Amino acid sequence: MPADAGALVGALRALTPEIAATAAETERQRKPLDSNMAAIAATGVYRFFVPRRFGGFEYPLDAFVDIGLLLGEACTSTAWVTTFCMEHNWMLAQFPQQAQEEIFGANPYVIAPGAISPNGRARVRDDGYVLSGRWQWGTGVMHADWAMLSGTVEETRELKLFILPMSDVEIIDTWHVDGMAGTGSNDMQVHEAFVPGHRSQSITAMSMGRGPGAAWHGTPMYRMPMMPILYLAAGVPAIGAARCALRRFAERATTRTMFGSTTRQADRADAQIRIGNARGRLDTAELMARQVATECSRWGNEQTTCPVDERVRHRVLMAQAVRLARDVVRDLFEASGANAHLLGEPLQRIHRDVHTIASHAVFDCDVIAEQYGRLALGLSPSIPV
């Protein structure tokens, strides 16, 4: 196991050449390669958010940003699955003590998709619930041992998250997409599965870092608000991928000559300006992500919960950071010539991947900007935040 966060990042860095070399094969298989997932797990990365009492690390969020950037440069899909599965261990740490002792006690981490959209329904039975439903966006499901699935309890109308073994979950092969194809985020379906009461948790309390597990552990890690961690898990790989696109564009520019010219693209002022602007925008995107991580961590040290205006601000910042990454990739791609569209060229895959990430609901700049504007005008948000 790594001695500290820096050692963990170093262990992952040693894997990135192989992860990058197999990124195209990851896309063809429509899921992260088994060999890469095993190597990533062997670094101990999935213990990042696991409580120390179970052998976890509770490393700072800034190192989480480092990991997302690093893996995003190698393979966007593999990075996405890794950061989400890391973060879902934080979610499990919000569950009641009995659930954590049962699950973390048997294995020091979980690989589990987490679906918080209210697509399931649950009804009370004895000391638990009977859950049914179908959920999209099952990131991590192809290598999962557990699944975290949301459902509305019929008797109370409360939205809860239920954790159940993959033996109770049917994977439906729906992941046929043009971007982020290597995540294997297939649909999940459950029919009348019994879930003990201790393996359920209020999503509202979890989202504020106030689940019973947070009180039990009593450390700042689990008092942080949930959604900024999710924004980082989803957004930082896009910034890493855009950095890869920039590096690839610069490499190609040293050997590429423009049609009708003998001048290298790298020697042209317009290419130099494009690269300089891209570097500046990606530096800005990374700074925004690190600011969200810093502020989220700060709230972990507070006894009060993160207020609504801060939660909206975090989402605005990450939505803008992802938009910057998307625009960088778009601008580099349009100046890369027709050869960049060949399927063997990484730029076209990165272009598709980053645009797909930018379409994620949490990064809809118009929707979240409206809420930020409403708060500035003294109005209440018009959507859940």
# chains A, B, ... in the order shown; residues from 1 in each chain; ligands from 1
call {"tool": "residues_around", "arguments": {"residues": "Gln201 of chain A", "least_positions_apart": "2", "cutoff": "7 Å", "atoms": "only C-alpha atoms", "output": "list in words"}}
result
Phe95, Lys160, Leu161, Phe162, Arg199 and Ile203 of chain A
call {"tool": "write_last_selection", "arguments": {"atoms": "N, CA and C atoms", "output": "mmCIF file, in the first residue's frame"}}
result
data_model
loop_
_atom_site.group_PDB
_atom_site.id
_atom_site.type_symbol
_atom_site.label_atom_id
_atom_site.label_comp_id
_atom_site.auth_asym_id
_atom_site.auth_seq_id
_atom_site.Cartn_x
_atom_site.Cartn_y
_atom_site.Cartn_z
ATOM 1 N N PHE A 95 -23.201 5.310 5.068
ATOM 2 C CA PHE A 95 -24.221 4.340 5.478
ATOM 3 C C PHE A 95 -24.085 4.015 6.966
ATOM 4 N N LYS A 160 -34.121 7.131 -1.076
ATOM 5 C CA LYS A 160 -33.032 6.461 -0.377
ATOM 6 C C LYS A 160 -32.100 5.800 -1.383
ATOM 7 N N LEU A 161 -30.901 5.546 -0.930
ATOM 8 C CA LEU A 161 -29.932 4.795 -1.716
ATOM 9 C C LEU A 161 -29.783 3.429 -1.066
ATOM 10 N N PHE A 162 -29.859 2.391 -1.877
ATOM 11 C CA PHE A 162 -29.773 1.018 -1.400
ATOM 12 C C PHE A 162 -28.516 0.378 -1.973
ATOM 13 N N ARG A 199 -28.753 -1.477 5.040
ATOM 14 C CA ARG A 199 -28.096 -1.211 3.760
ATOM 15 C C ARG A 199 -28.876 -0.188 2.938
ATOM 16 N N ILE A 203 -30.643 9.827 0.797
ATOM 17 C CA ILE A 203 -29.778 10.561 -0.129
ATOM 18 C C ILE A 203 -29.620 12.013 0.312
#
call {"tool": "residues_around", "arguments": {"residues": "Thr43 of chain A", "least_positions_apart": "5", "cutoff": "8 Å", "atoms": "only C-alpha atoms", "output": "PyMOL selection string"}}
result
chain A and resi 1-2+8+11-12
call {"tool": "write_last_selection", "arguments": {"atoms": "C-alpha atoms", "output": "mmCIF file, in the first residue's frame"}}
result
data_model
loop_
_atom_site.group_PDB
_atom_site.id
_atom_site.type_symbol
_atom_site.label_atom_id
_atom_site.label_comp_id
_atom_site.auth_asym_id
_atom_site.auth_seq_id
_atom_site.Cartn_x
_atom_site.Cartn_y
_atom_site.Cartn_z
ATOM 1 C CA MET A 1 0.000 0.000 0.000
ATOM 2 C CA PRO A 2 1.251 3.538 -0.721
ATOM 3 C CA LEU A 8 -0.254 6.498 -4.755
ATOM 4 C CA ALA A 11 2.112 4.124 -8.617
ATOM 5 C CA LEU A 12 -0.703 5.142 -10.958
#
call {"tool": "select_by_dssp", "arguments": {"residues": "segment 72-161 of chain A", "states": "alpha helix (DSSP H)", "output": "list in words"}}
result
Gly72, Glu73, Ala74, Thr76, Ser77, Thr78, Ala79, Trp80, Val81, Thr82, Thr83, Phe84, Cys85, Met86, Glu87, His88, Asn89, Trp90, Met91, Leu92, Gln97, Gln98, Ala99, Gln100, Glu101, Glu102 and Ile103 of chain A
call {"tool": "write_last_selection", "arguments": {"atoms": "C-alpha atoms", "output": "PDB file, in the first residue's frame"}}
result
ATOM      1  CA  GLY A  72      -7.630  11.293 -17.934  1.00  0.00           C
ATOM      2  CA  GLU A  73      -4.496  11.981 -19.969  1.00  0.00           C
ATOM      3  CA  ALA A  74      -4.081   8.239 -20.544  1.00  0.00           C
ATOM      4  CA  THR A  76     -10.753   9.144 -20.541  1.00  0.00           C
ATOM      5  CA  SER A  77     -13.032   6.142 -20.073  1.00  0.00           C
ATOM      6  CA  THR A  78     -10.721   4.323 -17.663  1.00  0.00           C
ATOM      7  CA  ALA A  79     -10.218   7.534 -15.685  1.00  0.00           C
ATOM      8  CA  TRP A  80     -13.969   8.097 -15.441  1.00  0.00           C
ATOM      9  CA  VAL A  81     -14.653   4.603 -14.103  1.00  0.00           C
ATOM     10  CA  THR A  82     -11.783   4.852 -11.630  1.00  0.00           C
ATOM     11  CA  THR A  83     -12.710   8.241 -10.163  1.00  0.00           C
ATOM     12  CA  PHE A  84     -16.371   7.331  -9.848  1.00  0.00           C
ATOM     13  CA  CYS A  85     -15.649   3.999  -8.182  1.00  0.00           C
ATOM     14  CA  MET A  86     -13.259   5.777  -5.812  1.00  0.00           C
ATOM     15  CA  GLU A  87     -15.941   8.299  -4.881  1.00  0.00           C
ATOM     16  CA  HIS A  88     -18.583   5.626  -4.306  1.00  0.00           C
ATOM     17  CA  ASN A  89     -16.557   4.357  -1.354  1.00  0.00           C
ATOM     18  CA  TRP A  90     -17.138   7.790   0.214  1.00  0.00           C
ATOM     19  CA  MET A  91     -20.854   7.212  -0.300  1.00  0.00           C
ATOM     20  CA  LEU A  92     -20.681   3.836   1.436  1.00  0.00           C
ATOM     21  CA  GLN A  97     -22.232   1.324  10.918  1.00  0.00           C
ATOM     22  CA  GLN A  98     -23.662  -2.161  10.419  1.00  0.00           C
ATOM     23  CA  ALA A  99     -23.563  -1.865   6.632  1.00  0.00           C
ATOM     24  CA  GLN A 100     -19.967  -0.640   6.674  1.00  0.00           C
ATOM     25  CA  GLU A 101     -18.821  -3.395   9.009  1.00  0.00           C
ATOM     26  CA  GLU A 102     -20.550  -5.957   6.811  1.00  0.00           C
ATOM     27  CA  ILE A 103     -19.110  -4.685   3.512  1.00  0.00           C
TER      28      ILE A 103
END
call {"tool": "closest_atom_pairs", "arguments": {"of": "segment 104-132 of chain A", "to": "segment 169-179 of chain A", "cutoff": "12 Å", "atoms": "only C-alpha atoms", "output": "JSON lines"}}
result
{"residue": "A:Ala112", "atom": "CA", "partner": "A:Val169", "partner_atom": "CA", "distance": 11.5}
{"residue": "A:Pro113", "atom": "CA", "partner": "A:Val169", "partner_atom": "CA", "distance": 11.1}
{"residue": "A:Leu131", "atom": "CA", "partner": "A:Val169", "partner_atom": "CA", "distance": 10.8}
{"residue": "A:Ser132", "atom": "CA", "partner": "A:Val169", "partner_atom": "CA", "distance": 9.9}
call {"tool": "residues_around", "arguments": {"residues": "segment 246-261 of chain A", "least_positions_apart": "6", "cutoff": "10 Å", "atoms": "only C-alpha atoms", "output": "PyMOL selection string"}}
result
chain A and resi 73+240+267-268+271-272+274-276+278-279+282+328-329+331-333+335-337+340+345-347
call {"tool": "atom_distance", "arguments": {"atom1": "atom CA of Phe363 of chain A", "atom2": "atom CA of Arg311 of chain A"}}
result
13.5 Å
